[in-house]
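*Asks:* Encoded as structure tokens, here's the structure I'll be asking about.
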Amino acid sequence: RSSVKENPVPVVVVGNISTGGTGKTPFVIMLCGMLKDLGLKPGIISRGYGGRAANYPVAVDYDSEVEEVGDEALLLLEKTHCSVVVDPDRKRAMDHLLEIDGCDVVISDDGLQHYALAREIEIAIVDGQRLFGNGFCIPAGPLREPLSRLQSVNYVVINGEPAETVKELTSA
């Protein structure tokens, strides 16, 4: 990641190493609220999962169509009242966000595996019950990256009541 150019504002990536929902979007909503309470002005970038825009990047507004930007992007806008830009290219999404909004911190909803985007903080969300399935990467298992990837993120957040195996690991 050393070849990645630094960003003009801090970037926080909230992601996961497994497929399926782990609670990234609700965590992003909570994080935006916390940052706003601290007097910061966060902006959000997202892939826009489920949406298929004719052209990217797309600045999400209250009139945006789910078919174009995806339902998560609209939920993020509605719940945070922060600027949201969707684009499969996270760097391009961030550049557009910074052009249209004077945000002082960017939160990437998903994007842990998008290494072209420099980031100051990485937060991996883990589903406390499903954990890591069989521990294998796609296509043999549910992981996008090996479990060892969690050693390089800044924070690992267990979402929900931890499974017994997590309790055993964390209490040892």
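Naming works like this for the structure tokens: A, B, ... for the chains as they're shown, residue 1 at the start of each chain, ligands 1 onward in shown order.
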So that I can see what lies close to Ile121 (chain A), please list as a PyMOL selection string the residues with an atom at most 7 Å from it, counting only C-alpha atoms and leaving out residues fewer than 2 positions away in the same chain.
*Replies:* chain A and resi 11-13+119+123+154
*Asks:* So which residues touch region 30-32 of chain A within 10 Å, counting only C-alpha atoms, skipping near sequence neighbours fewer than 3 positions away, as a ChimeraX atom specification?
*Replies:* /A:12,14,24-27,35-38,40-44,76,79-82,105-107
*Asks:* Between A:Gly111, A:Arg149, A:Pro57, A:Glu67, which is the closest to Asp95 (chain A) once you count only C-alpha atoms?
*Replies:* A:Pro57
*Asks:* To one decimal in Å, tell me the separation between CA of Ile45 (chain A) and CA of Ser108 (chain A).
*Replies:* 4.9 Å
*Asks:* Could you give me, as JSON, numbers by chain, each residue of chain A that DSSP assigns to strand (DSSP E) when run on this structure's backbone?
*Replies:* {"A": [11, 12, 13, 14, 15, 42, 43, 44, 45, 46, 58, 59, 60, 84, 85, 86, 105, 106, 107, 108, 109, 121, 122, 123, 124, 125, 126, 127, 155, 156, 157, 158, 159]}
*Asks:* Output N, CA, C and O atoms for every residue in that selection, as a compact mmCIF listing (two decimals), in the first residue's frame.
*Replies:*
# COMPACT_ATOMS: atom_id res chain seq x y z
N VAL A 11 -9.33 9.18 5.85
CA VAL A 11 -10.29 8.20 5.34
C VAL A 11 -10.36 7.04 6.32
O VAL A 11 -9.34 6.49 6.73
N VAL A 12 -11.59 6.69 6.69
CA VAL A 12 -11.86 5.54 7.55
C VAL A 12 -12.61 4.51 6.72
O VAL A 12 -13.68 4.81 6.19
N VAL A 13 -12.03 3.34 6.59
CA VAL A 13 -12.68 2.27 5.84
C VAL A 13 -13.34 1.31 6.82
O VAL A 13 -12.68 0.80 7.73
N VAL A 14 -14.64 1.11 6.64
CA VAL A 14 -15.38 0.13 7.43
C VAL A 14 -15.70 -1.01 6.49
O VAL A 14 -16.38 -0.83 5.49
N GLY A 15 -15.16 -2.19 6.78
CA GLY A 15 -15.34 -3.31 5.88
C GLY A 15 -15.40 -4.62 6.62
O GLY A 15 -15.58 -4.67 7.83
N PRO A 42 -18.46 14.51 8.45
CA PRO A 42 -18.13 13.34 7.64
C PRO A 42 -18.90 13.30 6.33
O PRO A 42 -20.00 13.85 6.22
N GLY A 43 -18.29 12.67 5.36
CA GLY A 43 -18.94 12.34 4.09
C GLY A 43 -18.74 10.85 3.88
O GLY A 43 -17.82 10.25 4.44
N ILE A 44 -19.61 10.24 3.07
CA ILE A 44 -19.61 8.79 2.91
C ILE A 44 -19.43 8.43 1.44
O ILE A 44 -20.05 9.03 0.56
N ILE A 45 -18.58 7.42 1.20
CA ILE A 45 -18.47 6.83 -0.12
C ILE A 45 -18.87 5.37 -0.02
O ILE A 45 -18.68 4.73 1.01
N SER A 46 -19.46 4.87 -1.10
CA SER A 46 -19.94 3.50 -1.13
C SER A 46 -19.93 3.00 -2.56
O SER A 46 -19.95 3.79 -3.50
N VAL A 58 -21.88 9.05 -8.59
CA VAL A 58 -23.21 9.60 -8.41
C VAL A 58 -23.32 10.16 -6.99
O VAL A 58 -23.09 9.45 -6.02
N ALA A 59 -23.67 11.43 -6.92
CA ALA A 59 -23.97 12.05 -5.62
C ALA A 59 -25.41 11.69 -5.28
O ALA A 59 -26.33 11.99 -6.04
N VAL A 60 -25.60 11.01 -4.16
CA VAL A 60 -26.92 10.54 -3.76
C VAL A 60 -27.70 11.71 -3.17
O VAL A 60 -27.17 12.47 -2.37
N VAL A 84 -23.34 11.60 0.42
CA VAL A 84 -23.02 10.22 0.05
C VAL A 84 -22.75 10.20 -1.45
O VAL A 84 -23.53 10.74 -2.23
N VAL A 85 -21.65 9.58 -1.84
CA VAL A 85 -21.32 9.40 -3.25
C VAL A 85 -21.07 7.91 -3.49
O VAL A 85 -20.35 7.27 -2.72
N VAL A 86 -21.70 7.38 -4.54
CA VAL A 86 -21.49 5.98 -4.90
C VAL A 86 -20.68 5.87 -6.18
O VAL A 86 -20.84 6.67 -7.10
N VAL A 105 -13.70 14.46 6.90
CA VAL A 105 -13.35 13.06 7.07
C VAL A 105 -14.24 12.26 6.14
O VAL A 105 -15.42 12.57 5.96
N VAL A 106 -13.67 11.24 5.49
CA VAL A 106 -14.41 10.39 4.57
C VAL A 106 -14.53 9.00 5.19
O VAL A 106 -13.54 8.44 5.66
N ILE A 107 -15.75 8.48 5.17
CA ILE A 107 -15.98 7.11 5.64
C ILE A 107 -16.36 6.28 4.43
O ILE A 107 -17.29 6.62 3.69
N SER A 108 -15.65 5.20 4.24
CA SER A 108 -15.94 4.27 3.15
C SER A 108 -16.75 3.11 3.69
O SER A 108 -16.27 2.35 4.54
N ASP A 109 -18.01 3.00 3.23
CA ASP A 109 -18.85 1.87 3.61
C ASP A 109 -18.46 0.72 2.70
O ASP A 109 -18.81 0.70 1.53
N ILE A 121 -7.51 4.72 8.84
CA ILE A 121 -8.03 3.74 9.79
C ILE A 121 -8.83 2.69 9.03
O ILE A 121 -9.63 3.02 8.15
N GLU A 122 -8.62 1.44 9.41
CA GLU A 122 -9.41 0.33 8.89
C GLU A 122 -10.14 -0.33 10.06
O GLU A 122 -9.52 -0.65 11.08
N ILE A 123 -11.45 -0.50 9.89
CA ILE A 123 -12.27 -1.16 10.90
C ILE A 123 -12.94 -2.35 10.23
O ILE A 123 -13.68 -2.18 9.26
N ALA A 124 -12.66 -3.55 10.72
CA ALA A 124 -13.28 -4.76 10.19
C ALA A 124 -14.43 -5.17 11.09
O ALA A 124 -14.26 -5.30 12.31
N ILE A 125 -15.60 -5.36 10.50
CA ILE A 125 -16.78 -5.78 11.23
C ILE A 125 -16.93 -7.29 11.04
O ILE A 125 -16.88 -7.79 9.91
N VAL A 126 -17.13 -8.00 12.15
CA VAL A 126 -17.27 -9.45 12.12
C VAL A 126 -18.62 -9.81 12.73
O VAL A 126 -18.96 -9.32 13.81
N ASP A 127 -19.39 -10.64 12.04
CA ASP A 127 -20.65 -11.14 12.59
C ASP A 127 -20.31 -12.09 13.73
O ASP A 127 -19.65 -13.11 13.52
N TYR A 155 -8.89 -1.87 13.90
CA TYR A 155 -9.89 -2.32 14.86
C TYR A 155 -10.71 -3.45 14.27
O TYR A 155 -11.04 -3.43 13.09
N VAL A 156 -11.05 -4.42 15.12
CA VAL A 156 -11.99 -5.48 14.77
C VAL A 156 -13.18 -5.32 15.70
O VAL A 156 -13.02 -5.29 16.93
N VAL A 157 -14.37 -5.16 15.12
CA VAL A 157 -15.59 -4.99 15.89
C VAL A 157 -16.44 -6.24 15.71
O VAL A 157 -16.76 -6.62 14.58
N ILE A 158 -16.77 -6.89 16.81
CA ILE A 158 -17.66 -8.04 16.78
C ILE A 158 -19.08 -7.53 16.89
O ILE A 158 -19.45 -6.90 17.88
N ASN A 159 -19.89 -7.79 15.87
CA ASN A 159 -21.26 -7.32 15.83
C ASN A 159 -22.18 -8.39 16.40
O ASN A 159 -22.21 -9.51 15.92
*Asks:* Could you check the closest approach to Leu75 (chain A) for each of A:Pro88, A:Gly48, A:Gly141, A:Pro10 and tell me which residue wins, using only C-alpha atoms?
*Replies:*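 Nearest to Leu75 (chain A): A:Gly48.
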*Asks:* For Glu65 (chain A), list every protein, DNA or RNA residue within 12 Å, evaluated using only C-alpha atoms, and leave out those in the same chain fewer than 3 positions away; present the list as a PDB file with N, CA and C atoms, in the first residue's frame.
*Replies:*
ATOM      1  N   GLY A  48     -22.377   1.404  -3.777  1.00  0.00           N
ATOM      2  CA  GLY A  48     -23.739   1.527  -4.279  1.00  0.00           C
ATOM      3  C   GLY A  48     -24.295   0.163  -4.631  1.00  0.00           C
ATOM      4  N   GLY A  50     -26.199  -2.989  -5.460  1.00  0.00           N
ATOM      5  CA  GLY A  50     -27.577  -3.159  -5.904  1.00  0.00           C
ATOM      6  C   GLY A  50     -28.016  -2.112  -6.907  1.00  0.00           C
ATOM      7  N   GLY A  51     -27.243  -1.029  -7.029  1.00  0.00           N
ATOM      8  CA  GLY A  51     -27.577   0.009  -7.990  1.00  0.00           C
ATOM      9  C   GLY A  51     -26.760  -0.131  -9.267  1.00  0.00           C
ATOM     10  N   ARG A  52     -27.299   0.360 -10.330  1.00  0.00           N
ATOM     11  CA  ARG A  52     -26.596   0.339 -11.613  1.00  0.00           C
ATOM     12  C   ARG A  52     -26.791   1.687 -12.308  1.00  0.00           C
ATOM     13  N   ALA A  53     -25.926   2.615 -11.971  1.00  0.00           N
ATOM     14  CA  ALA A  53     -26.015   3.948 -12.569  1.00  0.00           C
ATOM     15  C   ALA A  53     -25.469   3.912 -13.996  1.00  0.00           C
ATOM     16  N   VAL A  58     -21.876   9.053  -8.593  1.00  0.00           N
ATOM     17  CA  VAL A  58     -23.215   9.596  -8.409  1.00  0.00           C
ATOM     18  C   VAL A  58     -23.324  10.162  -6.993  1.00  0.00           C
ATOM     19  N   ALA A  59     -23.671  11.434  -6.915  1.00  0.00           N
ATOM     20  CA  ALA A  59     -23.968  12.049  -5.623  1.00  0.00           C
ATOM     21  C   ALA A  59     -25.411  11.687  -5.284  1.00  0.00           C
ATOM     22  N   VAL A  60     -25.595  11.011  -4.165  1.00  0.00           N
ATOM     23  CA  VAL A  60     -26.916  10.540  -3.760  1.00  0.00           C
ATOM     24  C   VAL A  60     -27.703  11.706  -3.165  1.00  0.00           C
ATOM     25  N   ASP A  61     -28.964  11.840  -3.594  1.00  0.00           N
ATOM     26  CA  ASP A  61     -29.846  12.819  -2.971  1.00  0.00           C
ATOM     27  C   ASP A  61     -31.170  12.138  -2.653  1.00  0.00           C
ATOM     28  N   TYR A  62     -32.053  12.878  -2.010  1.00  0.00           N
ATOM     29  CA  TYR A  62     -33.301  12.281  -1.546  1.00  0.00           C
ATOM     30  C   TYR A  62     -34.220  11.857  -2.688  1.00  0.00           C
ATOM     31  N   GLU A  68     -30.606   3.041  -9.249  1.00  0.00           N
ATOM     32  CA  GLU A  68     -29.391   3.733  -9.668  1.00  0.00           C
ATOM     33  C   GLU A  68     -28.298   3.671  -8.607  1.00  0.00           C
ATOM     34  N   VAL A  69     -28.644   3.911  -7.333  1.00  0.00           N
ATOM     35  CA  VAL A  69     -27.618   4.052  -6.293  1.00  0.00           C
ATOM     36  C   VAL A  69     -27.618   2.939  -5.253  1.00  0.00           C
ATOM     37  N   GLY A  70     -28.649   2.085  -5.259  1.00  0.00           N
ATOM     38  CA  GLY A  70     -28.741   1.022  -4.268  1.00  0.00           C
ATOM     39  C   GLY A  70     -29.443   1.490  -3.010  1.00  0.00           C
ATOM     40  N   ASP A  71     -30.017   0.550  -2.271  1.00  0.00           N
ATOM     41  CA  ASP A  71     -30.801   0.924  -1.089  1.00  0.00           C
ATOM     42  C   ASP A  71     -29.929   1.347   0.083  1.00  0.00           C
ATOM     43  N   GLU A  72     -28.729   0.781   0.208  1.00  0.00           N
ATOM     44  CA  GLU A  72     -27.869   1.163   1.334  1.00  0.00           C
ATOM     45  C   GLU A  72     -27.452   2.631   1.252  1.00  0.00           C
ATOM     46  N   ALA A  73     -27.168   3.109   0.054  1.00  0.00           N
ATOM     47  CA  ALA A  73     -26.755   4.513  -0.108  1.00  0.00           C
ATOM     48  C   ALA A  73     -27.878   5.459   0.312  1.00  0.00           C
ATOM     49  N   LEU A  74     -29.105   5.117  -0.051  1.00  0.00           N
ATOM     50  CA  LEU A  74     -30.243   5.946   0.348  1.00  0.00           C
ATOM     51  C   LEU A  74     -30.456   5.884   1.857  1.00  0.00           C
ATOM     52  N   LEU A  75     -30.278   4.717   2.442  1.00  0.00           N
ATOM     53  CA  LEU A  75     -30.394   4.580   3.894  1.00  0.00           C
ATOM     54  C   LEU A  75     -29.329   5.420   4.599  1.00  0.00           C
TER      55      LEU A  75
END
*Asks:* From the options A:Glu145, A:Gly39, A:Ser83, A:Lys91, which residue's atoms come nearest to Tyr56 (chain A), counting only C-alpha atoms?
*Replies:*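 Comparing A:Glu145, A:Gly39, A:Ser83, A:Lys91 against Tyr56 (chain A), the winner is A:Lys91.
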